[in-house]
$ cat input.csv   # CSV, C-alpha atoms
chain,number,residue,atom,x,y,z
A,1,MET,CA,113.5,101.8,98.7
A,2,GLY,CA,114.3,101.2,102.3
A,3,PRO,CA,113.4,103.4,105.3
A,4,HIS,CA,115.1,106.7,106.1
A,5,PRO,CA,118.6,106.1,107.7
A,6,ALA,CA,117.4,107.4,111.0
A,7,VAL,CA,114.4,105.1,111.1
A,8,ALA,CA,116.6,102.2,109.9
A,9,ALA,CA,119.1,103.0,112.8
A,10,ILE,CA,116.5,102.8,115.5
A,11,ARG,CA,114.9,99.7,114.2
A,12,LEU,CA,118.3,97.9,113.9
A,13,ALA,CA,119.1,98.8,117.5
A,14,VAL,CA,115.8,97.4,118.8
A,15,ARG,CA,116.1,94.3,116.6
A,16,ARG,CA,119.4,93.4,118.1
A,17,VAL,CA,118.0,93.7,121.6
A,18,LEU,CA,114.9,91.7,120.8
A,19,HIS,CA,117.1,88.9,119.4
A,20,ASP,CA,119.1,88.9,122.6
A,21,VAL,CA,115.8,88.8,124.6
A,22,LEU,CA,114.6,85.9,122.6
A,23,ASN,CA,117.8,83.9,123.0
A,24,HIS,CA,117.6,84.4,126.8
A,25,HIS,CA,113.9,83.5,126.8
A,26,CYS,CA,114.5,80.3,124.9
A,27,ALA,CA,117.5,79.4,127.0
A,28,GLN,CA,115.1,79.3,130.0
A,29,ASP,CA,113.0,76.8,128.1
A,30,ARG,CA,109.9,79.0,128.0
A,31,HIS,CA,107.5,78.3,125.2
A,32,GLU,CA,105.1,81.3,125.3
A,33,PRO,CA,106.2,84.4,123.4
A,34,PRO,CA,108.1,86.9,125.6
A,35,LEU,CA,106.5,90.2,126.5
A,36,VAL,CA,108.7,93.3,126.1
A,37,LEU,CA,107.6,96.7,127.4
A,38,VAL,CA,108.8,100.1,126.4
A,39,ALA,CA,109.0,102.9,129.0
A,40,CYS,CA,107.8,106.0,127.2
A,41,SER,CA,107.6,109.6,128.5
A,42,GLY,CA,106.3,110.9,125.2
A,43,GLY,CA,109.6,112.5,124.3
A,44,ALA,CA,111.4,112.0,121.1
A,45,ASP,CA,113.8,109.3,122.4
A,46,SER,CA,111.2,107.1,123.9
A,47,MET,CA,108.6,107.6,121.1
A,48,ALA,CA,111.2,106.6,118.6
A,49,LEU,CA,111.9,103.5,120.7
A,50,ALA,CA,108.2,102.7,121.0
A,51,SER,CA,107.8,103.0,117.2
A,52,ALA,CA,110.7,100.7,116.5
A,53,LEU,CA,109.5,98.1,119.1
A,54,ALA,CA,106.0,98.1,117.5
A,55,PHE,CA,107.6,97.6,114.1
A,56,GLU,CA,110.1,94.9,115.0
A,57,ALA,CA,108.4,92.8,117.7
A,58,PRO,CA,105.6,91.2,115.5
A,59,LYS,CA,108.2,90.1,112.9
A,60,LEU,CA,110.1,88.2,115.6
A,61,GLY,CA,107.0,86.8,117.4
A,62,VAL,CA,107.5,89.0,120.5
A,63,ARG,CA,104.6,90.6,122.4
A,64,ALA,CA,105.1,94.3,122.8
A,65,GLY,CA,103.5,96.7,125.3
A,66,GLY,CA,104.2,100.0,126.9
A,67,VAL,CA,104.1,102.0,130.1
A,68,THR,CA,104.2,105.7,130.8
A,69,ILE,CA,104.9,107.2,134.2
A,70,ASP,CA,103.1,110.2,135.6
A,71,HIS,CA,105.4,111.8,138.1
A,72,GLY,CA,102.8,114.3,139.2
A,73,LEU,CA,105.2,117.2,139.2
A,74,GLN,CA,103.5,119.4,136.6
A,75,GLU,CA,100.0,120.7,136.1
A,76,GLY,CA,98.0,118.4,133.9
A,77,SER,CA,100.6,115.6,134.0
A,78,ASP,CA,97.9,113.0,134.4
A,79,LEU,CA,96.3,114.1,131.1
A,80,ARG,CA,99.7,114.1,129.4
A,81,ALA,CA,100.3,110.5,130.6
A,82,ALA,CA,96.8,109.4,129.3
A,83,GLU,CA,97.7,111.0,125.9
A,84,VAL,CA,101.0,109.1,125.7
A,85,ALA,CA,99.2,105.9,126.5
A,86,LEU,CA,96.8,106.6,123.6
A,87,ARG,CA,99.7,107.1,121.3
A,88,LEU,CA,101.3,103.8,122.4
A,89,ARG,CA,98.0,102.0,121.7
A,90,ALA,CA,97.8,103.6,118.3
A,91,LEU,CA,101.2,102.1,117.5
A,92,GLY,CA,99.7,98.7,118.2
A,93,LEU,CA,101.3,98.1,121.6
A,94,ASP,CA,99.3,96.0,124.1
A,95,PRO,CA,99.2,96.0,127.1
A,96,VAL,CA,99.7,99.7,127.8
A,97,GLU,CA,99.5,101.4,131.2
A,98,ALA,CA,99.7,104.9,132.5
A,99,VAL,CA,101.0,104.8,136.1
A,100,ALA,CA,101.1,107.6,138.7
A,101,VAL,CA,104.0,107.8,141.1
A,102,ASP,CA,104.6,109.8,144.3
A,103,VAL,CA,108.1,111.4,144.4
A,104,GLY,CA,107.6,113.0,147.7
A,105,GLU,CA,106.6,116.5,146.6
A,106,PRO,CA,103.8,117.9,148.8
A,107,ASN,CA,100.6,118.8,147.0
A,108,LYS,CA,102.0,117.3,143.8
A,109,VAL,CA,100.9,113.7,144.0
A,110,ALA,CA,99.1,112.3,140.9
A,111,HIS,CA,95.8,110.4,141.3
A,112,GLY,CA,95.8,106.6,141.2
A,113,THR,CA,98.3,104.0,142.4
A,114,ALA,CA,101.5,105.6,143.8
A,115,TYR,CA,104.9,104.0,143.9
A,116,ARG,CA,107.9,105.1,145.9
A,117,GLY,CA,111.4,104.0,145.3
A,118,SER,CA,112.5,104.0,149.0
A,119,GLY,CA,109.8,105.5,151.1
A,120,SER,CA,111.6,108.8,151.5
A,121,ARG,CA,113.4,111.3,149.4
A,122,PRO,CA,116.9,110.2,148.4
A,123,SER,CA,119.9,112.3,148.9
A,124,GLY,CA,120.1,113.1,145.2
A,125,GLY,CA,117.2,115.6,145.3
A,126,PRO,CA,114.2,115.7,143.1
A,127,GLU,CA,115.9,114.0,140.1
A,128,ALA,CA,116.9,111.0,142.2
A,129,ALA,CA,113.5,110.9,143.9
A,130,ALA,CA,111.7,110.8,140.5
A,131,ARG,CA,114.1,108.1,139.2
A,132,ASP,CA,113.6,105.9,142.3
A,133,ALA,CA,109.8,106.2,142.1
A,134,ARG,CA,109.9,105.6,138.3
A,135,TYR,CA,111.9,102.4,138.5
A,136,ALA,CA,109.8,101.1,141.4
A,137,ALA,CA,106.7,101.6,139.2
A,138,LEU,CA,108.3,100.0,136.2
A,139,ASP,CA,109.4,97.0,138.3
A,140,ALA,CA,105.8,96.6,139.6
A,141,VAL,CA,104.3,96.7,136.1
A,142,ALA,CA,106.9,94.3,134.7
A,143,GLU,CA,106.2,91.9,137.6
A,144,ARG,CA,102.4,92.1,137.1
A,145,TYR,CA,102.5,91.3,133.4
A,146,GLY,CA,105.4,88.9,133.6
A,147,ALA,CA,107.5,91.0,131.2
A,148,THR,CA,110.8,89.6,130.1
A,149,ALA,CA,112.3,93.1,129.4
A,150,VAL,CA,111.7,96.8,129.7
A,151,LEU,CA,113.3,99.0,127.0
A,152,LEU,CA,114.6,102.4,128.0
A,153,GLY,CA,115.2,105.3,125.6
A,154,HIS,CA,118.6,106.5,126.9
A,155,THR,CA,120.8,107.7,124.0
A,156,ARG,CA,124.5,108.2,123.5
A,157,ASP,CA,124.0,111.8,124.5
A,158,ASP,CA,122.5,110.7,127.8
A,159,GLN,CA,125.4,108.4,128.3
A,160,ALA,CA,127.9,111.2,127.8
A,161,GLU,CA,126.0,113.4,130.4
A,162,THR,CA,126.1,110.5,132.9
A,163,VAL,CA,129.9,110.1,132.5
A,164,LEU,CA,130.4,113.8,133.1
A,165,LEU,CA,128.2,113.7,136.2
A,166,GLY,CA,130.2,110.7,137.5
A,167,LEU,CA,133.5,112.6,136.8
A,168,ALA,CA,132.2,115.6,138.8
A,169,ARG,CA,131.4,113.3,141.7
A,170,GLY,CA,134.9,111.8,141.7
A,171,SER,CA,133.6,108.4,142.6
A,172,GLY,CA,136.0,106.3,140.6
A,173,THR,CA,135.9,104.0,137.6
A,174,ARG,CA,132.4,102.6,138.2
A,175,SER,CA,130.8,106.0,138.2
A,176,LEU,CA,132.6,106.8,134.8
A,177,SER,CA,131.1,103.6,133.3
A,178,GLY,CA,127.8,105.3,132.8
A,179,MET,CA,124.6,103.3,132.1
A,180,ALA,CA,124.8,99.6,131.3
A,181,ALA,CA,123.2,98.3,128.1
A,182,THR,CA,121.6,95.7,130.4
A,183,SER,CA,120.8,96.2,134.0
A,184,GLY,CA,118.3,95.4,136.7
A,185,ARG,CA,117.0,92.1,138.1
A,186,ASP,CA,117.6,89.3,135.6
A,187,GLY,CA,118.7,91.9,133.0
A,188,ARG,CA,115.2,93.3,132.9
A,189,TYR,CA,116.2,96.8,131.7
A,190,ARG,CA,117.6,97.2,128.2
A,191,ARG,CA,118.9,100.3,126.6
A,192,PRO,CA,119.0,99.8,122.8
A,193,PHE,CA,119.9,103.4,122.0
A,194,LEU,CA,123.2,103.8,123.8
A,195,ASP,CA,125.0,103.9,120.4
A,196,VAL,CA,122.3,106.1,118.8
A,197,ASP,CA,122.5,109.9,119.2
A,198,ARG,CA,119.6,112.0,120.3
A,199,GLN,CA,119.3,113.8,117.0
A,200,THR,CA,118.8,110.5,115.1
A,201,ALA,CA,115.9,109.5,117.5
A,202,ARG,CA,114.3,112.9,117.0
A,203,LYS,CA,114.7,112.7,113.2
A,204,ALA,CA,113.1,109.3,113.2
A,205,CYS,CA,110.1,110.7,114.9
A,206,LEU,CA,109.9,113.6,112.4
A,207,ILE,CA,110.1,111.2,109.4
A,208,GLN,CA,107.4,109.0,110.8
A,209,ALA,CA,105.2,112.0,111.8
A,210,LEU,CA,105.2,110.8,115.4
A,211,PRO,CA,104.0,113.5,117.8
A,212,VAL,CA,106.5,114.2,120.7
A,213,TRP,CA,106.4,116.1,123.9
A,214,ASP,CA,109.3,118.1,125.1
A,215,ASP,CA,109.4,118.0,128.9
A,216,PRO,CA,110.0,121.5,130.2
A,217,HIS,CA,112.1,120.0,133.0
A,218,ASN,CA,114.7,119.1,130.4
A,219,ALA,CA,115.3,122.8,129.8
A,220,ASP,CA,115.0,123.9,133.4
A,221,PRO,CA,118.4,125.1,134.7
A,222,ALA,CA,117.3,124.2,138.2
A,223,TYR,CA,118.2,120.6,137.3
A,224,THR,CA,121.8,119.5,137.1
A,225,ARG,CA,121.5,117.4,134.1
A,226,SER,CA,119.6,120.1,132.2
A,227,ARG,CA,122.5,122.6,132.9
A,228,LEU,CA,125.0,120.1,131.7
A,229,ARG,CA,123.0,119.4,128.6
A,230,HIS,CA,122.4,123.0,127.6
A,231,GLU,CA,125.5,124.6,128.9
A,232,GLY,CA,128.2,122.1,129.9
A,233,LEU,CA,128.4,119.9,126.9
A,234,PRO,CA,128.1,122.7,124.3
A,235,ALA,CA,130.9,124.5,126.1
A,236,LEU,CA,133.1,121.4,125.9
A,237,GLU,CA,132.3,120.9,122.2
A,238,LYS,CA,133.1,124.6,121.5
A,239,ALA,CA,136.5,124.2,123.3
A,240,LEU,CA,137.4,120.7,122.1
A,241,GLY,CA,135.6,120.3,118.9
A,242,LYS,CA,132.9,117.9,117.8
A,243,GLY,CA,133.2,114.3,118.9
A,244,VAL,CA,133.1,114.9,122.6
A,245,VAL,CA,129.8,112.9,123.1
A,246,GLU,CA,131.2,109.9,121.2
A,247,ALA,CA,134.4,110.0,123.1
A,248,LEU,CA,132.6,110.2,126.5
A,249,ALA,CA,130.4,107.3,125.5
A,250,ARG,CA,133.4,105.3,124.5
A,251,THR,CA,135.0,106.1,127.8
A,252,ALA,CA,131.9,104.7,129.5
A,253,GLN,CA,132.4,101.4,127.8
A,254,LEU,CA,136.1,101.2,128.5
A,255,SER,CA,135.5,102.2,132.2
A,256,ARG,CA,132.8,99.5,132.5
A,257,ASP,CA,135.1,96.8,131.2
A,258,ASP,CA,137.8,97.8,133.7
A,259,ALA,CA,135.3,98.1,136.6
A,260,ASP,CA,133.8,94.7,135.8
A,261,ALA,CA,137.3,93.1,135.8
A,262,LEU,CA,138.3,94.8,139.1
A,263,ASP,CA,135.0,93.8,140.7
A,264,ALA,CA,135.5,90.2,139.7
A,265,TRP,CA,139.0,90.4,141.2
A,266,ALA,CA,137.7,91.8,144.4
A,267,ALA,CA,135.0,89.1,144.7
A,268,ASP,CA,137.7,86.5,144.4
A,269,ALA,CA,140.1,88.3,146.9
A,270,GLU,CA,137.3,88.6,149.5
A,271,GLY,CA,137.6,85.0,150.5
A,272,SER,CA,141.3,85.3,151.3
A,273,VAL,CA,140.9,88.3,153.7
A,274,LEU,CA,137.6,87.5,155.4
A,275,ASP,CA,137.3,85.3,158.5
A,276,ASP,CA,134.3,83.4,159.9
A,277,SER,CA,133.4,86.3,162.2
A,278,GLY,CA,133.2,88.7,159.3
A,279,SER,CA,136.4,90.6,160.2
A,280,LEU,CA,139.0,91.4,157.6
A,281,ASP,CA,142.7,90.6,157.9
A,282,ILE,CA,144.8,93.8,157.8
A,283,ALA,CA,148.0,92.3,156.4
A,284,ALA,CA,146.1,90.5,153.6
A,285,LEU,CA,144.2,93.7,152.7
A,286,PHE,CA,147.4,95.7,152.6
A,287,ALA,CA,148.9,93.3,150.1
A,288,LEU,CA,146.1,93.9,147.6
A,289,PRO,CA,146.3,96.6,144.9
A,290,PRO,CA,144.5,99.7,146.1
A,291,ALA,CA,141.7,99.5,143.5
A,292,VAL,CA,141.0,95.9,144.5
A,293,ARG,CA,141.3,96.6,148.3
A,294,ARG,CA,138.8,99.5,148.2
A,295,ARG,CA,136.3,97.3,146.3
A,296,VAL,CA,136.7,94.6,149.0
A,297,LEU,CA,136.1,97.2,151.7
A,298,ARG,CA,133.1,98.6,149.9
A,299,ARG,CA,131.6,95.1,149.5
A,300,ALA,CA,132.2,94.3,153.2
A,301,VAL,CA,130.7,97.6,154.4
A,302,ILE,CA,127.6,97.2,152.2
A,303,GLY,CA,127.3,93.6,153.4
A,304,ALA,CA,127.2,94.9,157.0
A,305,GLY,CA,124.2,97.1,156.2
A,306,SER,CA,125.5,100.4,154.8
A,307,PRO,CA,123.2,101.5,151.9
A,308,ALA,CA,125.1,101.5,148.6
A,309,GLY,CA,123.5,104.7,147.4
A,310,SER,CA,124.7,106.6,150.5
A,311,LEU,CA,128.2,105.3,150.4
A,312,PHE,CA,130.7,107.5,148.7
A,313,ALA,CA,134.4,107.3,147.7
A,314,ARG,CA,135.4,109.5,150.7
A,315,HIS,CA,133.8,107.0,153.1
A,316,ILE,CA,135.8,104.1,151.6
A,317,GLU,CA,139.0,106.3,151.6
A,318,GLU,CA,138.6,106.8,155.4
A,319,VAL,CA,138.2,103.1,156.0
A,320,ASP,CA,141.2,102.4,153.8
A,321,ARG,CA,143.4,104.7,156.0
A,322,LEU,CA,142.8,102.3,158.9
A,323,ILE,CA,144.9,99.9,156.8
A,324,THR,CA,147.4,102.1,155.0
A,325,ALA,CA,147.8,105.1,157.3
A,326,TRP,CA,147.2,103.8,160.8
A,327,ARG,CA,147.8,106.5,163.4
A,328,GLY,CA,145.6,105.1,166.2
A,329,GLN,CA,142.4,106.5,164.7
A,330,GLY,CA,139.1,105.7,166.4
A,331,ALA,CA,136.1,103.9,164.8
A,332,ILE,CA,134.7,105.3,161.6
A,333,ASN,CA,130.9,105.8,161.4
A,334,LEU,CA,129.3,105.1,158.1
A,335,PRO,CA,125.8,105.5,156.6
A,336,GLY,CA,123.4,102.8,157.9
A,337,ARG,CA,124.8,102.9,161.4
A,338,VAL,CA,127.8,100.8,160.3
A,339,GLY,CA,131.0,101.2,162.3
A,340,VAL,CA,134.5,100.2,161.3
A,341,ARG,CA,137.4,99.9,163.7
A,342,ARG,CA,140.9,98.4,163.7
A,343,GLN,CA,141.3,95.8,166.4
A,344,GLY,CA,144.7,94.2,166.5
A,345,GLY,CA,145.4,92.8,163.1
A,346,ARG,CA,141.8,92.8,162.1
A,347,LEU,CA,139.3,95.2,160.6
A,348,VAL,CA,136.0,94.8,162.4
A,349,ILE,CA,132.8,96.0,160.7
A,350,ARG,CA,129.6,96.0,162.6
A,351,GLN,CA,126.2,97.6,162.4
A,352,GLY,CA,124.5,99.1,165.5
$ encode --input "input.csv" --output "structure tokens"
Amino acid sequence: MGPHPAVAAIRLAVRRVLHDVLNHHCAQDRHEPPLVLVACSGGADSMALASALAFEAPKLGVRAGGVTIDHGLQEGSDLRAAEVALRLRALGLDPVEAVAVDVGEPNKVAHGTAYRGSGSRPSGGPEAAARDARYAALDAVAERYGATAVLLGHTRDDQAETVLLGLARGSGTRSLSGMAATSGRDGRYRRPFLDVDRQTARKACLIQALPVWDDPHNADPAYTRSRLRHEGLPALEKALGKGVVEALARTAQLSRDDADALDAWAADAEGSVLDDSGSLDIAALFALPPAVRRRVLRRAVIGAGSPAGSLFARHIEEVDRLITAWRGQGAINLPGRVGVRRQGGRLVIRQG
């Protein structure tokens, strides 16, 4: 008799990713077994992921370890992180680390090594601050151990929430594409559970008697994603019926395919509008489809020094009006002290 369907589903998802990691590893002509880490908070999603990695990795000759991040935002969070690390070791994972990060909250910094994502609180508030610090820590651990991949426990439900948040921001196709199955430097981050729903992960933990921790922040209405999870999505399902999560996740993949194609088109078009001084030809830009032109503009502005995380659709729309709705406007000031002005038949983008 095989494993419970929920357990089989999580193991299959991880097995597919491990095969992909092995193929990539072998293609680089590396002879030592690859190391794959799981990022685990102790919640149901990441504990299910850790258990599946511990089960599948030895069968494929993959080394498997784990890392848990202590954000230092709750009383006793350091003890919680130490407990999660013990659970990961009990699953047979090695190496395992518990890492403290500093997310910029006064008097709430955990003991030990602290990692910051950018050195200051990002504009997205505490959720963005925690995310930046978390990824900085995961990158540092992966570099230190030479890990080929880091597995993240984002589920199909998380993907649906991300799409809705992107829709609310109105930032275009890329923001609707949600989380990529593979991201980060050299494809370091892998998300095996994007086709697995949250309930399946939780059931897999229950079947395997895995202890899980429910982060109170996930139910705190002070956090945008928490309100969306407990109020927004249930309201949509009540109004539209079941299947909303699956539809949103499908939208993410379709949007990602479209965004990737448009990004590739913009990269090719950039060479035909850019001169040696870094200025852009107005007439050539005007001839491009709007979706491609705005991508070219975004690439150029970021290339001039504007931080991608601070650059929003409204910024690019203002720059685009210098091409499509020219009425003698002055220079446009963008994040990162980047200025854009129309000069004759050129668009001049400079920092400083």
$ closest_residue --input "input.csv" --among "A:Thr68, A:Gln159, A:Ser279, A:Thr324" --to "A:Ala300" --atoms "all atoms listed in the file"
A:Ser279
$ atom_distance --input "input.csv" --atom1 "atom CA of A:Val212" --atom2 "atom CA of A:His154"
15.6 Å
$ closest_residue --input "input.csv" --among "A:Ala264, A:Leu12, A:Ala304, A:Leu35" --to "A:Thr148" --atoms "all atoms listed in the file"
A:Leu35
$ residues_near_point --input "input.csv" --point "(142.1, 101.2, 143.2)" --cutoff "10 Å" --atoms "all atoms listed in the file" --output "VMD selection string"
chain A and resid 172 to 173 259 262 288 to 295
$ closest_residue --input "input.csv" --among "A:Ser306, A:Gln74, A:Ser255, A:Gln208" --to "A:Gly339" --atoms "all atoms listed in the file"
A:Ser306
$ residues_around --input "input.csv" --residues "A:Ile323" --least-positions-apart "2" --cutoff "9 Å" --atoms "only C-alpha atoms" --output "ChimeraX atom specification"
/A:282-283,285-286,319-321,325-326,342,347
$ closest_atom_pairs --input "input.csv" --of "stretch 240-286 of chain A" --to "stretch 162-167 of chain A" --cutoff "12 Å" --atoms "all atoms listed in the file" --output "tab-separated table"
residue	atom	partner	partner_atom	distance
A:Val244	CA	A:Leu164	CA	10.9
A:Val245	CA	A:Val163	CA	9.8
A:Glu246	CA	A:Val163	CA	11.4
A:Ala247	CA	A:Val163	CA	10.4
A:Leu248	CA	A:Val163	CA	6.6
A:Ala249	CA	A:Val163	CA	7.6
A:Arg250	CA	A:Val163	CA	10.0
A:Thr251	CA	A:Val163	CA	8.0
A:Ala252	CA	A:Val163	CA	6.5
A:Gln253	CA	A:Val163	CA	10.2
A:Leu254	CA	A:Val163	CA	11.6
A:Ser255	CA	A:Val163	CA	9.7
A:Arg256	CA	A:Val163	CA	11.0
$ atom_distance --input "input.csv" --atom1 "atom CA of A:Leu22" --atom2 "atom CA of A:Arg144"
19.9 Å
$ residues_around --input "input.csv" --residues "A:Asn218" --least-positions-apart "4" --cutoff "9 Å" --atoms "only C-alpha atoms" --output "ChimeraX atom specification"
/A:214,223,225-227,229
$ closest_residue --input "input.csv" --among "A:Ala137, A:Gln343, A:Arg327, A:Val62" --to "A:Asn23" --atoms "all atoms listed in the file"
A:Val62
$ closest_residue --input "input.csv" --among "A:Ala181, A:Gly345, A:Val340, A:Arg134" --to "A:Ala284" --atoms "only C-alpha atoms"
A:Gly345
$ closest_residue --input "input.csv" --among "A:Gly352, A:Gly241, A:Gly309, A:Gly153" --to "A:Leu53" --atoms "only C-alpha atoms"
A:Gly153
